[in-house]
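*Asks:* Dropping in data_26.cif, with mmCIF, N, CA and C atoms.
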data_structure
#
loop_
_atom_site.label_atom_id
_atom_site.label_comp_id
_atom_site.auth_asym_id
_atom_site.auth_seq_id
_atom_site.Cartn_x
_atom_site.Cartn_y
_atom_site.Cartn_z
N VAL A 1 43.17 -51.30 192.70
CA VAL A 1 42.62 -52.55 193.20
C VAL A 1 41.10 -52.44 193.37
N MET A 2 40.63 -51.26 193.80
CA MET A 2 39.19 -51.10 193.98
C MET A 2 38.44 -51.28 192.67
N ILE A 3 39.02 -50.75 191.59
CA ILE A 3 38.31 -50.86 190.32
C ILE A 3 38.22 -52.31 189.88
N LEU A 4 39.24 -53.10 190.17
CA LEU A 4 39.18 -54.52 189.80
C LEU A 4 38.08 -55.23 190.56
N THR A 5 37.89 -54.87 191.82
CA THR A 5 36.80 -55.44 192.62
C THR A 5 35.46 -55.07 192.02
N LEU A 6 35.30 -53.81 191.65
CA LEU A 6 34.05 -53.35 191.06
C LEU A 6 33.81 -54.02 189.70
N LEU A 7 34.85 -54.11 188.87
CA LEU A 7 34.70 -54.77 187.57
C LEU A 7 34.32 -56.25 187.74
N GLU A 8 34.91 -56.90 188.71
CA GLU A 8 34.58 -58.30 188.98
C GLU A 8 33.12 -58.43 189.38
N GLN A 9 32.65 -57.53 190.25
CA GLN A 9 31.25 -57.56 190.67
C GLN A 9 30.32 -57.34 189.48
N LEU A 10 30.67 -56.39 188.63
CA LEU A 10 29.83 -56.12 187.46
C LEU A 10 29.80 -57.31 186.52
N ALA A 11 30.93 -57.97 186.37
CA ALA A 11 31.00 -59.13 185.46
C ALA A 11 30.22 -60.32 186.01
N GLU A 12 30.27 -60.52 187.32
CA GLU A 12 29.57 -61.65 187.93
C GLU A 12 28.07 -61.44 188.01
N GLY A 13 27.66 -60.21 188.12
CA GLY A 13 26.23 -59.93 188.26
C GLY A 13 25.78 -59.98 189.70
N ASN A 14 24.54 -59.70 189.89
CA ASN A 14 23.97 -59.61 191.23
C ASN A 14 23.46 -60.97 191.68
N ARG A 15 24.35 -61.84 192.02
CA ARG A 15 23.98 -63.21 192.42
C ARG A 15 23.30 -63.27 193.78
N ARG A 16 23.58 -62.27 194.61
CA ARG A 16 22.96 -62.25 195.95
C ARG A 16 21.64 -61.51 195.94
N HIS A 17 21.27 -60.96 194.80
CA HIS A 17 20.03 -60.21 194.65
C HIS A 17 19.95 -59.04 195.62
N ASP A 18 21.07 -58.33 195.76
CA ASP A 18 21.09 -57.13 196.59
C ASP A 18 20.15 -56.10 195.98
N PRO A 19 19.42 -55.36 196.82
CA PRO A 19 18.50 -54.35 196.27
C PRO A 19 19.24 -53.23 195.53
N VAL A 20 20.46 -52.92 195.97
CA VAL A 20 21.27 -51.91 195.30
C VAL A 20 22.59 -52.58 194.93
N PHE A 21 22.84 -52.69 193.63
CA PHE A 21 24.04 -53.39 193.16
C PHE A 21 24.58 -52.67 191.95
N PRO A 22 25.85 -52.39 191.84
CA PRO A 22 26.90 -52.62 192.84
C PRO A 22 26.83 -51.60 193.97
N ASP A 23 27.66 -51.80 194.95
CA ASP A 23 27.68 -50.94 196.14
C ASP A 23 28.02 -49.50 195.75
N PRO A 24 27.13 -48.54 196.04
CA PRO A 24 27.39 -47.14 195.69
C PRO A 24 28.65 -46.57 196.34
N ALA A 25 28.99 -47.02 197.54
CA ALA A 25 30.20 -46.53 198.20
C ALA A 25 31.45 -46.97 197.44
N LEU A 26 31.45 -48.21 196.97
CA LEU A 26 32.58 -48.71 196.17
C LEU A 26 32.64 -47.95 194.84
N LEU A 27 31.49 -47.72 194.23
CA LEU A 27 31.45 -46.95 192.99
C LEU A 27 32.02 -45.56 193.21
N ALA A 28 31.65 -44.90 194.31
CA ALA A 28 32.16 -43.56 194.61
C ALA A 28 33.68 -43.58 194.79
N ASP A 29 34.19 -44.58 195.51
CA ASP A 29 35.64 -44.68 195.71
C ASP A 29 36.37 -44.86 194.38
N VAL A 30 35.81 -45.69 193.51
CA VAL A 30 36.43 -45.90 192.20
C VAL A 30 36.37 -44.62 191.38
N LEU A 31 35.25 -43.92 191.43
CA LEU A 31 35.13 -42.67 190.68
C LEU A 31 36.11 -41.60 191.18
N ARG A 32 36.40 -41.61 192.47
CA ARG A 32 37.41 -40.68 192.99
C ARG A 32 38.77 -40.99 192.37
N GLU A 33 39.08 -42.26 192.22
CA GLU A 33 40.33 -42.65 191.58
C GLU A 33 40.34 -42.24 190.10
N VAL A 34 39.19 -42.37 189.45
CA VAL A 34 39.07 -41.93 188.06
C VAL A 34 39.34 -40.44 187.97
N MET A 35 38.74 -39.66 188.86
CA MET A 35 38.90 -38.21 188.83
C MET A 35 40.35 -37.80 189.11
N ARG A 36 41.07 -38.60 189.86
CA ARG A 36 42.49 -38.31 190.14
C ARG A 36 43.40 -38.75 189.00
N GLY A 37 42.84 -39.44 188.03
CA GLY A 37 43.65 -39.91 186.90
C GLY A 37 44.40 -41.19 187.19
N ASN A 38 43.95 -41.95 188.20
CA ASN A 38 44.66 -43.16 188.61
C ASN A 38 44.11 -44.45 187.99
N VAL A 39 43.21 -44.33 187.03
CA VAL A 39 42.61 -45.52 186.43
C VAL A 39 43.03 -45.58 184.96
N PRO A 40 43.65 -46.68 184.54
CA PRO A 40 44.07 -46.81 183.14
C PRO A 40 42.86 -46.74 182.20
N PRO A 41 43.05 -46.21 181.00
CA PRO A 41 41.94 -46.07 180.05
C PRO A 41 41.19 -47.37 179.77
N THR A 42 41.90 -48.48 179.71
CA THR A 42 41.22 -49.76 179.43
C THR A 42 40.28 -50.16 180.56
N GLN A 43 40.71 -49.92 181.80
CA GLN A 43 39.84 -50.24 182.94
C GLN A 43 38.67 -49.27 183.02
N LEU A 44 38.93 -48.01 182.68
CA LEU A 44 37.84 -47.03 182.66
C LEU A 44 36.80 -47.42 181.62
N ALA A 45 37.25 -47.84 180.45
CA ALA A 45 36.32 -48.28 179.40
C ALA A 45 35.50 -49.48 179.87
N ALA A 46 36.15 -50.43 180.53
CA ALA A 46 35.44 -51.61 181.05
C ALA A 46 34.42 -51.20 182.11
N LEU A 47 34.80 -50.25 182.95
CA LEU A 47 33.88 -49.77 183.99
C LEU A 47 32.65 -49.12 183.36
N LEU A 48 32.88 -48.24 182.40
CA LEU A 48 31.75 -47.55 181.77
C LEU A 48 30.84 -48.53 181.05
N MET A 49 31.40 -49.51 180.37
CA MET A 49 30.58 -50.50 179.70
C MET A 49 29.83 -51.37 180.71
N GLY A 50 30.51 -51.75 181.78
CA GLY A 50 29.85 -52.55 182.82
C GLY A 50 28.69 -51.81 183.45
N LEU A 51 28.89 -50.53 183.71
CA LEU A 51 27.81 -49.72 184.30
C LEU A 51 26.68 -49.54 183.30
N ARG A 52 27.03 -49.40 182.03
CA ARG A 52 26.00 -49.23 180.98
C ARG A 52 25.12 -50.46 180.87
N CYS A 53 25.69 -51.62 181.10
CA CYS A 53 24.92 -52.87 181.01
C CYS A 53 24.01 -53.09 182.21
N ARG A 54 24.27 -52.36 183.28
CA ARG A 54 23.44 -52.47 184.48
C ARG A 54 22.35 -51.39 184.43
N ALA A 55 21.26 -51.65 185.07
CA ALA A 55 20.24 -50.61 185.21
C ALA A 55 20.68 -49.69 186.35
N GLU A 56 20.88 -48.41 186.01
CA GLU A 56 21.33 -47.50 187.06
C GLU A 56 20.21 -47.26 188.06
N GLN A 57 20.63 -47.00 189.28
CA GLN A 57 19.69 -46.73 190.36
C GLN A 57 20.02 -45.37 190.95
N ALA A 58 19.07 -44.81 191.65
CA ALA A 58 19.24 -43.47 192.22
C ALA A 58 20.49 -43.39 193.09
N GLU A 59 20.79 -44.44 193.83
CA GLU A 59 21.97 -44.44 194.70
C GLU A 59 23.26 -44.31 193.90
N HIS A 60 23.28 -44.90 192.72
CA HIS A 60 24.47 -44.81 191.88
C HIS A 60 24.62 -43.41 191.30
N LEU A 61 23.52 -42.85 190.85
CA LEU A 61 23.57 -41.48 190.32
C LEU A 61 24.01 -40.50 191.39
N LYS A 62 23.52 -40.71 192.63
CA LYS A 62 23.92 -39.84 193.74
C LYS A 62 25.42 -39.96 193.99
N ALA A 63 25.95 -41.18 193.93
CA ALA A 63 27.39 -41.37 194.14
C ALA A 63 28.19 -40.63 193.08
N VAL A 64 27.74 -40.70 191.82
CA VAL A 64 28.44 -40.01 190.73
C VAL A 64 28.39 -38.50 190.95
N VAL A 65 27.21 -37.98 191.26
CA VAL A 65 27.06 -36.53 191.47
C VAL A 65 27.90 -36.07 192.65
N ASP A 66 27.87 -36.81 193.74
CA ASP A 66 28.64 -36.42 194.93
C ASP A 66 30.14 -36.33 194.61
N VAL A 67 30.67 -37.31 193.89
CA VAL A 67 32.09 -37.30 193.55
C VAL A 67 32.41 -36.14 192.61
N MET A 68 31.53 -35.89 191.66
CA MET A 68 31.77 -34.77 190.74
C MET A 68 31.74 -33.43 191.48
N LEU A 69 30.82 -33.29 192.43
CA LEU A 69 30.76 -32.05 193.21
C LEU A 69 31.99 -31.89 194.10
N GLU A 70 32.49 -32.99 194.65
CA GLU A 70 33.71 -32.94 195.45
C GLU A 70 34.88 -32.40 194.62
N ASN A 71 34.87 -32.71 193.34
CA ASN A 71 35.99 -32.34 192.46
C ASN A 71 35.72 -31.10 191.64
N ALA A 72 34.57 -30.48 191.81
CA ALA A 72 34.23 -29.28 191.05
C ALA A 72 35.14 -28.12 191.45
N VAL A 73 35.52 -27.33 190.48
CA VAL A 73 36.36 -26.17 190.71
C VAL A 73 35.48 -24.93 190.57
N PRO A 74 35.46 -24.06 191.58
CA PRO A 74 34.63 -22.86 191.50
C PRO A 74 35.04 -21.98 190.32
N PHE A 75 34.08 -21.36 189.70
CA PHE A 75 34.35 -20.44 188.61
C PHE A 75 35.02 -19.20 189.17
N PRO A 76 36.20 -18.81 188.63
CA PRO A 76 36.91 -17.65 189.18
C PRO A 76 36.07 -16.38 189.03
N GLY A 77 35.99 -15.63 190.10
CA GLY A 77 35.28 -14.36 190.08
C GLY A 77 33.77 -14.49 190.17
N ALA A 78 33.27 -15.70 190.40
CA ALA A 78 31.82 -15.89 190.43
C ALA A 78 31.16 -15.06 191.53
N GLY A 79 31.87 -14.82 192.60
CA GLY A 79 31.29 -14.03 193.69
C GLY A 79 31.23 -12.55 193.39
N SER A 80 32.05 -12.07 192.45
CA SER A 80 32.09 -10.64 192.19
C SER A 80 31.18 -10.22 191.03
N ALA A 81 30.79 -11.16 190.17
CA ALA A 81 29.93 -10.81 189.03
C ALA A 81 28.47 -10.74 189.49
N PRO A 82 27.74 -9.72 189.02
CA PRO A 82 26.34 -9.61 189.45
C PRO A 82 25.49 -10.79 189.00
N MET A 83 25.66 -11.25 187.75
CA MET A 83 24.90 -12.39 187.28
C MET A 83 25.60 -13.00 186.07
N LEU A 84 25.76 -14.29 186.11
CA LEU A 84 26.34 -15.01 184.97
C LEU A 84 25.32 -16.04 184.50
N PHE A 85 25.25 -16.23 183.20
CA PHE A 85 24.41 -17.29 182.70
C PHE A 85 24.99 -17.85 181.42
N ASP A 86 24.60 -19.07 181.13
CA ASP A 86 25.09 -19.80 179.96
C ASP A 86 24.04 -19.77 178.89
N THR A 87 24.41 -19.40 177.69
CA THR A 87 23.43 -19.33 176.61
C THR A 87 23.64 -20.41 175.55
N CYS A 88 24.54 -21.36 175.80
CA CYS A 88 24.86 -22.32 174.74
C CYS A 88 24.36 -23.72 175.01
N GLY A 89 23.56 -23.92 175.97
CA GLY A 89 23.21 -25.31 176.14
C GLY A 89 22.00 -25.58 176.91
#
Any chance you could put this one into structure tokens?
*Replies:*
Amino acid sequence: VMILTLLEQLAEGNRRHDPVFPDPALLADVLREVMRGNVPPTQLAALLMGLRCRAEQAEHLKAVVDVMLENAVPFPGAGSAPMLFDTCG
């Protein structure tokens, strides 16, 4: 239901001229549902396209990063290795 609210807001546009639109808290809640696998692919596609059509703001990027960090899985054995680094990217 939250994603439908967010999709509706994205489709209607910022009619109230809110300084930050859409609401980053709602975006974070929807992204949590995405990370849990509770959002159908068609709605996820609509969400990504709707967000792409909007100019992203720092508050939105922070919401995305926060949700991704909440769901990040620690690398096994990271505490026991002296140093790890990635050379491919």
*Asks:* Kindly assemble as JSON lines a list of the segment 36-86 of chain A residues that lie within 7 Å of segment 12-32 of chain A, each paired with its nearest atom pair and their distance in Å to one decimal, using only C-alpha atoms, sorted first by chain and then by ascending residue number.
*Replies:*
{"residue": "A:Arg36", "atom": "CA", "partner": "A:Arg32", "partner_atom": "CA", "distance": 6.3}
{"residue": "A:Glu59", "atom": "CA", "partner": "A:Pro24", "partner_atom": "CA", "distance": 6.1}
{"residue": "A:His60", "atom": "CA", "partner": "A:Pro24", "partner_atom": "CA", "distance": 5.3}
{"residue": "A:Ala63", "atom": "CA", "partner": "A:Ala28", "partner_atom": "CA", "distance": 5.3}
{"residue": "A:Val64", "atom": "CA", "partner": "A:Ala28", "partner_atom": "CA", "distance": 6.4}
{"residue": "A:Val67", "atom": "CA", "partner": "A:Arg32", "partner_atom": "CA", "distance": 6.3}
*Asks:* Given the selection you just returned, output its residues as a file containing N, CA and C atoms, formatted as a short mmCIF file (atom, residue, chain, number, x, y, z; two decimals), in the frame of the given file.
*Replies:*
data_model
loop_
_atom_site.label_atom_id
_atom_site.label_comp_id
_atom_site.auth_asym_id
_atom_site.auth_seq_id
_atom_site.Cartn_x
_atom_site.Cartn_y
_atom_site.Cartn_z
N ARG A 36 41.07 -38.60 189.86
CA ARG A 36 42.49 -38.31 190.14
C ARG A 36 43.40 -38.75 189.00
N GLU A 59 20.79 -44.44 193.83
CA GLU A 59 21.97 -44.44 194.70
C GLU A 59 23.26 -44.31 193.90
N HIS A 60 23.28 -44.90 192.72
CA HIS A 60 24.47 -44.81 191.88
C HIS A 60 24.62 -43.41 191.30
N ALA A 63 25.95 -41.18 193.93
CA ALA A 63 27.39 -41.37 194.14
C ALA A 63 28.19 -40.63 193.08
N VAL A 64 27.74 -40.70 191.82
CA VAL A 64 28.44 -40.01 190.73
C VAL A 64 28.39 -38.50 190.95
N VAL A 67 30.67 -37.31 193.89
CA VAL A 67 32.09 -37.30 193.55
C VAL A 67 32.41 -36.14 192.61
#
*Asks:* Can you work out the spacing between atom C of Leu10 of chain A and atom C of Thr42 of chain A in Å, to one decimal?
*Replies:* 14.0 Å
*Asks:* So the first atom is atom CA of Asp86 of chain A and the second is atom C of Val65 of chain A; what is the distance between them in Å, to one decimal place?
*Replies:*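 About the pair atom CA of Asp86 of chain A and atom C of Val65 of chain A: they are 20.8 Å apart.
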*Asks:* So, with all atoms listed in the file as the atoms that count, which of A:Cys88, A:Ala58, A:Ala46, A:Val73 lies closest to Leu7 of chain A?
*Replies:*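 Once distances to Leu7 of chain A are computed over all atoms listed in the file, the minimum belongs to A:Ala46.
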*Asks:* Would you please extract all helix (DSSP H, G or I) residues from chain A, as assigned by DSSP on the backbone, and give them as a PyMOL selection string?
*Replies:* chain A and resi 2-12+24-35+41-53+58-70
*Asks:* Work out how far atom CA of Met68 of chain A is from atom CA of Pro40 of chain A, in Å to one decimal.
*Replies:* 18.8 Å
*Asks:* Determine the nearest neighbour of Val39 of chain A from the options A:Leu51, A:Leu69, A:Ala11, A:Met2, counting only C-alpha atoms.
*Replies:* A:Met2
*Asks:* Could you give me the axis-aligned bounding box of segment 8-24 of chain A, with 4 Å of padding per side, as centre plus edge lengths in Å to one decimal, as JSON?
*Replies:*
{"center_x": 26.7, "center_y": -54.9, "center_z": 191.1, "size_x": 24.4, "size_y": 24.7, "size_z": 19.4}
